[in-house]
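Participant: Quick one: this structure, given as structure tokens, is what I'll be asking you about.
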Amino acid sequence: MDPDAPIDVPPTLLQDPGADLLSSPWPAAIALALAAGVVVLAVRSARRKGGRSRRRRVLVASGWGTVSAVVLVFALAFGVNAWVGYFPSVATLTRWVDDKVRAPATDFPKTAVLAPSGEPAVAAVKRVTTEDRGYPFLAAVPSSTPKVPDTGAWVYLPPGYDKPGNTARYPVLYVLHGAPGSAADWFAGGRIDYLLDTLIAAGSIPPVIVVSPDLNAGAERLDDEPLDVPGGPQLETFVTHDVVTWADTNFRTVADADHRVVAGMSSGGLASLLYGLHHPDLFGAVVSIMPYTTPYTAGVVADPAARARNTPLDVIASRGGATAQKIFLGQGDGEPTAEATQIRDALRAQGQTTTLRVYPGLAHNWTTARTIMPYGLVWAARQLEWTTP
């Protein structure tokens, strides 16, 4: 199958998917207009001396100035969001602030997955997936990995997952956020649930489960790549061991490499590529969005062995040859493509099934991530020959 063949996605995804008024320039424009109005009122108020004392006039002017500054900050925030695309809709904003851990969906305890102890691994809750819509929720993932605490992961169960009597098993997509970031990113900025509902309804891909783990190794959002850091958090180990095992235990997955894809954007794009290269027996395909060739995390850069292990071109050069894995590289033309091209060429020189897609008018932001992801998923599903369960 030609890896460079055209990729078709549903027409509704050809524009920025899942966006509404929040991602448009209008909120910033309205906020700027309000700020201008506040300034005008402040000037008029300052000119009305009347019976006010000088101190009173200063306090009033200060109050108006504070209001104007606050409105300007909101205008700036709306403007930045319109460019970055992190909150494309009001619904995504609610995902970002939602920190309520929920159990996987089922209302038939007899069919609940059992833990090794023989007890139900999850509590029974009301079924929530429908025939045309999946269910996103935040779950808790236990950790057995050094310097990585128990953490949260956003999960998407596909349409029909909770249909009474359904025993089908599904492929799993593991998505990695950028840095700084959180588990909610692919469900906020990435709108992954909307993308998958649309792709599945169109028949572009079969139903798939999504797991998006938090990769900060703690409560603070770090600007480090999610790698195994010497003396620090072992995040690759956490994902490839704890997260994958947890998903296979708690959900009806097809637990083999041909039905697992690891994907990510920016530092998550680097990590997804490395996880895949290191574990071709675990992930049948990689969707790496905005990848690059050199890690920047201080603890990795300072250690020669760790640096080599986390430098894609070194990893590719040091391995014996191509694997059966399928690798999709994607980015926008708003940033240089030299590094992604180097990765593609190094992989192809070994005979690896690889494609690089560069899409016009896209920069290094979440608009790019959620625009490219559908192409990567359709490509991976086609290359892995996924079929509807």
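Starting from 1 in every chain, residues are counted up; chains themselves are A, B, ... following the order of the structure tokens, and ligands are numbered from 1 as listed.
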With a distance cut-off of 12 Å and only C-alpha atoms, select the neighbouring residues of Pro336 in chain A, excluding the residue or stretch itself and same-chain residues fewer than 3 positions from it, and output the selection as a PyMOL selection string.

Facilitator: chain A and resi 290-292+331-333+339-342+358+362-364

Participant: Using backbone DSSP assignments, extract all strand (DSSP E or B) residues from range 132-357 of chain A; output them as a PyMOL selection string.

Facilitator: chain A and resi 135-141+151-157+170+172-176+209-213+228+234+253+260-265+285-289+326-332+353-357

Participant: If we count only C-alpha atoms and set the cut-off at 10 Å, which residues sit around Gly152 in chain A, ignoring sequence neighbours fewer than 4 positions away in its own chain? Please answer as a list in words.

Facilitator: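 Here the qualifying residues turn out to be Asp99, Lys100, Val101, Leu138, Ala139, Ala140, Val141, Pro142, Ser182, Ala183, Ala184, Ser212, Pro213, Asp214 and Leu215 of chain A.
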
Participant: Just checking: using only C-alpha atoms, which residue out of A:Gly321, A:Pro312, A:Gly376, A:Gly276 ends up closest to Asp4 in chain A?

Facilitator: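 Between A:Gly321, A:Pro312, A:Gly376, A:Gly276, the residue approaching Asp4 in chain A most closely is A:Gly376.
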
Participant: Can you tell me how far CA of Asp224 in chain A sits from CA of Leu347 in chain A, in Å to one decimal?

Facilitator: 25.7 Å

Participant: With a distance cut-off of 8 Å and only C-alpha atoms, select the neighbouring residues of range 167-170 of chain A, excluding the residue or stretch itself and same-chain residues fewer than 4 positions from it, and output the selection as a list in words.

Facilitator: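 The neighbour list is Tyr161, Pro207, Val208, Ile209, Arg252, Thr253, Val254, His259 and Pro389 of chain A.
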
Participant: Env of Pro304 in chain A: 12 Å cut, atoms = only C-alpha atoms, seq-sep filter 6 positions within chain, self excluded. Answer as a list in words.

Facilitator: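 Using only C-alpha atoms, the neighbours found are Val229, Pro230, Pro295, Ala298, Asn310, Thr311 and Asp314 of chain A.
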
Participant: Could you tell me how far CA of Lys163 in chain A lies from CA of Val210 in chain A, in Å and to one decimal?

Facilitator: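 A separation of 18.0 Å between them.
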
Participant: Let me make sure I understand: among A:Leu14, A:Val148, A:Val9, A:Ile327, which one has the smallest atom-to-atom distance to Leu384 in chain A if we use only C-alpha atoms?

Facilitator: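 Ranking A:Leu14, A:Val148, A:Val9, A:Ile327 by distance to Leu384 in chain A, first place goes to A:Ile327.
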
Participant: Once DSSP has gone over the backbone, tell me which residues of range 157-258 of chain A are in alpha helix (DSSP H), as number ranges by chain.

Facilitator: A: 185-188, 192-201, 235-237, 244-250

Participant: Keeping only N, CA and C atoms, write the selected residues as a PDB file, in the first residue's frame.

Facilitator:
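In the end it all went to selection01.pdb:
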ATOM      1  N   ASP A 185      -5.244  18.048  27.370  1.00  0.00           N
ATOM      2  CA  ASP A 185      -4.921  18.835  26.179  1.00  0.00           C
ATOM      3  C   ASP A 185      -5.532  18.281  24.899  1.00  0.00           C
ATOM      4  N   TRP A 186      -5.459  16.979  24.705  1.00  0.00           N
ATOM      5  CA  TRP A 186      -5.998  16.412  23.456  1.00  0.00           C
ATOM      6  C   TRP A 186      -7.522  16.439  23.440  1.00  0.00           C
ATOM      7  N   PHE A 187      -8.145  16.642  24.602  1.00  0.00           N
ATOM      8  CA  PHE A 187      -9.605  16.748  24.658  1.00  0.00           C
ATOM      9  C   PHE A 187     -10.049  18.209  24.703  1.00  0.00           C
ATOM     10  N   ALA A 188      -9.111  19.125  24.928  1.00  0.00           N
ATOM     11  CA  ALA A 188      -9.399  20.557  24.879  1.00  0.00           C
ATOM     12  C   ALA A 188      -8.907  21.101  23.552  1.00  0.00           C
ATOM     13  N   ILE A 192     -10.126  15.642  20.418  1.00  0.00           N
ATOM     14  CA  ILE A 192      -9.970  14.291  19.897  1.00  0.00           C
ATOM     15  C   ILE A 192     -11.283  13.523  19.892  1.00  0.00           C
ATOM     16  N   ASP A 193     -12.164  13.790  20.861  1.00  0.00           N
ATOM     17  CA  ASP A 193     -13.445  13.079  20.883  1.00  0.00           C
ATOM     18  C   ASP A 193     -14.318  13.500  19.709  1.00  0.00           C
ATOM     19  N   TYR A 194     -14.332  14.789  19.399  1.00  0.00           N
ATOM     20  CA  TYR A 194     -15.092  15.280  18.239  1.00  0.00           C
ATOM     21  C   TYR A 194     -14.517  14.692  16.946  1.00  0.00           C
ATOM     22  N   LEU A 195     -13.197  14.698  16.825  1.00  0.00           N
ATOM     23  CA  LEU A 195     -12.569  14.145  15.625  1.00  0.00           C
ATOM     24  C   LEU A 195     -12.961  12.688  15.421  1.00  0.00           C
ATOM     25  N   LEU A 196     -12.907  11.918  16.494  1.00  0.00           N
ATOM     26  CA  LEU A 196     -13.179  10.480  16.364  1.00  0.00           C
ATOM     27  C   LEU A 196     -14.657  10.214  16.119  1.00  0.00           C
ATOM     28  N   ASP A 197     -15.543  10.929  16.803  1.00  0.00           N
ATOM     29  CA  ASP A 197     -16.970  10.761  16.504  1.00  0.00           C
ATOM     30  C   ASP A 197     -17.235  10.987  15.018  1.00  0.00           C
ATOM     31  N   THR A 198     -16.578  12.016  14.460  1.00  0.00           N
ATOM     32  CA  THR A 198     -16.782  12.357  13.052  1.00  0.00           C
ATOM     33  C   THR A 198     -16.171  11.311  12.127  1.00  0.00           C
ATOM     34  N   LEU A 199     -14.943  10.897  12.413  1.00  0.00           N
ATOM     35  CA  LEU A 199     -14.266   9.901  11.577  1.00  0.00           C
ATOM     36  C   LEU A 199     -14.980   8.552  11.606  1.00  0.00           C
ATOM     37  N   ILE A 200     -15.432   8.165  12.790  1.00  0.00           N
ATOM     38  CA  ILE A 200     -16.116   6.873  12.931  1.00  0.00           C
ATOM     39  C   ILE A 200     -17.459   6.907  12.212  1.00  0.00           C
ATOM     40  N   ALA A 201     -18.208   8.000  12.379  1.00  0.00           N
ATOM     41  CA  ALA A 201     -19.516   8.114  11.722  1.00  0.00           C
ATOM     42  C   ALA A 201     -19.387   8.072  10.205  1.00  0.00           C
ATOM     43  N   LEU A 235       9.117   8.471  32.317  1.00  0.00           N
ATOM     44  CA  LEU A 235       7.788   8.633  31.727  1.00  0.00           C
ATOM     45  C   LEU A 235       7.544   7.684  30.556  1.00  0.00           C
ATOM     46  N   GLU A 236       8.551   7.389  29.779  1.00  0.00           N
ATOM     47  CA  GLU A 236       8.354   6.404  28.717  1.00  0.00           C
ATOM     48  C   GLU A 236       8.001   5.046  29.317  1.00  0.00           C
ATOM     49  N   THR A 237       8.705   4.665  30.376  1.00  0.00           N
ATOM     50  CA  THR A 237       8.410   3.403  31.048  1.00  0.00           C
ATOM     51  C   THR A 237       6.997   3.404  31.616  1.00  0.00           C
ATOM     52  N   VAL A 244      -0.340   1.233  29.356  1.00  0.00           N
ATOM     53  CA  VAL A 244      -0.824   0.215  28.411  1.00  0.00           C
ATOM     54  C   VAL A 244      -1.440  -0.962  29.172  1.00  0.00           C
ATOM     55  N   THR A 245      -0.785  -1.400  30.238  1.00  0.00           N
ATOM     56  CA  THR A 245      -1.328  -2.513  31.043  1.00  0.00           C
ATOM     57  C   THR A 245      -2.665  -2.134  31.666  1.00  0.00           C
ATOM     58  N   TRP A 246      -2.754  -0.911  32.177  1.00  0.00           N
ATOM     59  CA  TRP A 246      -3.999  -0.426  32.781  1.00  0.00           C
ATOM     60  C   TRP A 246      -5.123  -0.408  31.757  1.00  0.00           C
ATOM     61  N   ALA A 247      -4.850   0.091  30.573  1.00  0.00           N
ATOM     62  CA  ALA A 247      -5.882   0.159  29.538  1.00  0.00           C
ATOM     63  C   ALA A 247      -6.346  -1.237  29.135  1.00  0.00           C
ATOM     64  N   ASP A 248      -5.410  -2.155  28.956  1.00  0.00           N
ATOM     65  CA  ASP A 248      -5.782  -3.512  28.555  1.00  0.00           C
ATOM     66  C   ASP A 248      -6.551  -4.241  29.659  1.00  0.00           C
ATOM     67  N   THR A 249      -6.326  -3.837  30.913  1.00  0.00           N
ATOM     68  CA  THR A 249      -7.030  -4.456  32.040  1.00  0.00           C
ATOM     69  C   THR A 249      -8.444  -3.913  32.207  1.00  0.00           C
ATOM     70  N   ASN A 250      -8.613  -2.614  31.948  1.00  0.00           N
ATOM     71  CA  ASN A 250      -9.875  -1.966  32.276  1.00  0.00           C
ATOM     72  C   ASN A 250     -10.835  -1.775  31.114  1.00  0.00           C
TER      73      ASN A 250
END

Participant: Could you give me, as a list of chain:residue names, the residues within 10 Å of Pro146 in chain A, counting only C-alpha atoms and dropping anything in the same chain fewer than 4 positions from it?

Facilitator: A:Ala217, A:Asp228, A:Gly231, A:Gly232, A:Pro233, A:Gln234, A:Leu235, A:Thr237, A:Phe238

Participant: Quick one: everything within 8 Å of Gly190 in chain A, counting only C-alpha atoms, minus sequence neighbours fewer than 6 positions away in the same chain. Send it as a list in words.

Facilitator: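 Non-adjacent residues within range: Tyr86, Trp366, Thr367, Ala369 and Arg370 of chain A.
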
Participant: Deliver the residues from the most recent selection as a file, using N, CA, C and O atoms, as a PDB file, in the first residue's frame.

Facilitator:
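File result-v7.pdb, as written:
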ATOM      1  N   TYR A  86      -5.976  26.675  21.479  1.00  0.00           N
ATOM      2  CA  TYR A  86      -6.063  25.696  22.564  1.00  0.00           C
ATOM      3  C   TYR A  86      -7.502  25.453  23.008  1.00  0.00           C
ATOM      4  O   TYR A  86      -7.889  24.326  23.302  1.00  0.00           O
ATOM      5  N   TRP A 366      -2.135  24.278  18.466  1.00  0.00           N
ATOM      6  CA  TRP A 366      -3.149  23.229  18.580  1.00  0.00           C
ATOM      7  C   TRP A 366      -4.090  23.184  17.388  1.00  0.00           C
ATOM      8  O   TRP A 366      -4.686  22.150  17.095  1.00  0.00           O
ATOM      9  N   THR A 367      -4.230  24.286  16.684  1.00  0.00           N
ATOM     10  CA  THR A 367      -5.013  24.254  15.442  1.00  0.00           C
ATOM     11  C   THR A 367      -4.375  23.259  14.474  1.00  0.00           C
ATOM     12  O   THR A 367      -5.064  22.457  13.828  1.00  0.00           O
ATOM     13  N   ALA A 369      -2.382  20.721  15.332  1.00  0.00           N
ATOM     14  CA  ALA A 369      -2.464  19.362  15.882  1.00  0.00           C
ATOM     15  C   ALA A 369      -3.809  18.712  15.567  1.00  0.00           C
ATOM     16  O   ALA A 369      -3.866  17.564  15.114  1.00  0.00           O
ATOM     17  N   ARG A 370      -4.906  19.437  15.786  1.00  0.00           N
ATOM     18  CA  ARG A 370      -6.210  18.816  15.572  1.00  0.00           C
ATOM     19  C   ARG A 370      -6.587  18.777  14.093  1.00  0.00           C
ATOM     20  O   ARG A 370      -7.480  18.026  13.694  1.00  0.00           O
TER      21      ARG A 370
END
